[in-house]
Amino acid sequence: MTTDIALFRGINVGGNNKLPMKELTTVLEGLGLQAVRTYIQSGNVIFDSNGEPAVLAERIAAAIKERHGFEPKVLLLDAGKLEKAIKANPFPEDKAEGNTLHFNFLKCVPPAPDLAGIEKIKAASERCELKGDVFYLHAPDGIGRSKLAANMERLLGVAMTGRNWNTVKKLQGLVSG
């Protein structure tokens, strides 16, 4: 059995795709997942499973669609991948500002990322780096004002979901016990 993290995209945002964490826990337990625990309403779930991540992500999304009428994007990573992403952080000095450093977990390694486009659109204060299937963004002026943040997925060419450093550290703590 492995400890996995499901990162949901687009639930409980702006009053859309409402899914209380208690109901999400019930759905996941109904799929046979064990030790299900959630963190904040935006869709961060830790659980134990024996499933293949890609298949399990599809099963989770389908079960939510069946019970709640919408199909969220679900990205699964195991505890080792989370730890690897944390260790690979190219901006460790920015950990103190946990809401300005973002880990964007990608569905896969981008086959043809538009790195020139990224450089062209990012603000002078922003720093970013693509490392495998994680795109790190330090946006000291805020993610809501960032043109790069608004266009990352298009420029990288793969689905993603992001979490700030505070959330990543909290997930790390929940995974480790």
# chains A, B, ... in the order shown; residues from 1 in each chain; ligands from 1
$ closest_atom_pairs --of "segment 27-85 of chain A" --to "segment 105-129 of chain A" --cutoff "9 Å" --atoms "only C-alpha atoms" --output "CSV"
residue,atom,partner,partner_atom,distance
A:Leu75,CA,A:Lys107,CA,6.6
A:Leu76,CA,A:Lys107,CA,8.7
A:Leu77,CA,A:Phe105,CA,8.8
A:Ala85,CA,A:Phe105,CA,8.8
$ select_by_dssp --residues "segment 22-148 of chain A" --states "alpha helix (DSSP H)" --output "PyMOL selection string"
chain A and resi 22-30+53-68+79-87+115-121+147-148
$ closest_residue --among "A:Lys170, A:Lys81, A:Lys147, A:His102" --to "Asp133 of chain A" --atoms "only C-alpha atoms"
A:Lys81
$ residues_around --residues "segment 35-50 of chain A" --least-positions-apart "3" --cutoff "8 Å" --atoms "only C-alpha atoms" --output "ChimeraX atom specification"
/A:1-13,20-21,25,28-29,32,171,174-175
$ closest_residue --among "A:Leu101, A:Leu82, A:Phe91, A:Lys18" --to "Lys65 of chain A" --atoms "only C-alpha atoms"
A:Lys18
$ atom_distance --atom1 "atom CA of Lys87 of chain A" --atom2 "atom CA of Gly132 of chain A"
13.1 Å
$ closest_residue --among "A:Phe103, A:Glu97, A:Ser176, A:Asn89" --to "Asp141 of chain A" --atoms "only C-alpha atoms"
A:Glu97
$ atom_distance --atom1 "atom CA of Met152 of chain A" --atom2 "atom CA of His138 of chain A"
12.8 Å
$ closest_residue --among "A:Leu156, A:Gly162, A:Glu93, A:Gln172" --to "Gly80 of chain A" --atoms "only C-alpha atoms"
A:Gln172
$ atom_distance --atom1 "atom CA of Leu148 of chain A" --atom2 "atom CA of Tyr136 of chain A"
11.5 Å
$ select_by_dssp --residues "chain A" --states "strand (DSSP E)" --output "PyMOL selection string"
chain A and resi 2-9+34-39+44-49+73-78+101-106+127-131+134-138+160-164
$ write_last_selection --atoms "C-alpha atoms" --output "compact mmCIF listing (two decimals), in the first residue's frame"
# COMPACT_ATOMS: atom_id res chain seq x y z
CA THR A 2 1.25 3.49 -0.84
CA THR A 3 0.35 6.91 0.49
CA ASP A 4 -0.99 9.07 -2.32
CA ILE A 5 -2.03 12.68 -2.62
CA ALA A 6 -4.94 13.71 -4.83
CA LEU A 7 -4.87 17.32 -5.95
CA PHE A 8 -8.21 18.45 -7.30
CA ARG A 9 -8.53 21.36 -9.66
CA GLN A 34 -8.05 3.95 3.21
CA ALA A 35 -7.00 6.49 5.83
CA VAL A 36 -8.58 9.31 3.81
CA ARG A 37 -7.84 12.78 5.15
CA THR A 38 -8.40 16.18 3.60
CA TYR A 39 -6.75 19.57 3.86
CA ASN A 44 -6.19 18.23 -1.23
CA VAL A 45 -6.63 14.63 -0.11
CA ILE A 46 -4.16 12.13 1.34
CA PHE A 47 -5.02 8.43 1.38
CA ASP A 48 -3.57 4.94 1.20
CA SER A 49 -4.18 2.75 -1.83
CA LYS A 73 -9.51 17.23 -12.88
CA VAL A 74 -7.59 15.02 -10.47
CA LEU A 75 -3.82 14.76 -10.33
CA LEU A 76 -2.32 12.00 -8.19
CA LEU A 77 1.17 11.89 -6.80
CA ASP A 78 2.72 9.65 -4.22
CA LEU A 101 6.16 30.37 -4.08
CA HIS A 102 4.05 27.97 -6.13
CA PHE A 103 4.56 24.34 -7.10
CA ASN A 104 2.59 23.56 -10.26
CA PHE A 105 2.25 19.80 -10.60
CA LEU A 106 1.92 18.78 -14.24
CA ARG A 127 11.26 33.67 -11.27
CA CYS A 128 10.30 30.30 -12.65
CA GLU A 129 11.80 26.96 -13.55
CA LEU A 130 10.52 23.79 -15.14
CA LYS A 131 11.96 20.63 -13.62
CA VAL A 134 6.84 20.37 -11.82
CA PHE A 135 6.82 24.05 -12.78
CA TYR A 136 8.03 26.28 -9.96
CA LEU A 137 6.92 29.91 -9.88
CA HIS A 138 7.97 32.58 -7.44
CA MET A 160 -1.62 21.15 -14.19
CA THR A 161 -2.71 22.17 -10.75
CA GLY A 162 -0.78 24.45 -8.42
CA ARG A 163 -0.27 24.69 -4.68
CA ASN A 164 1.61 27.34 -2.76
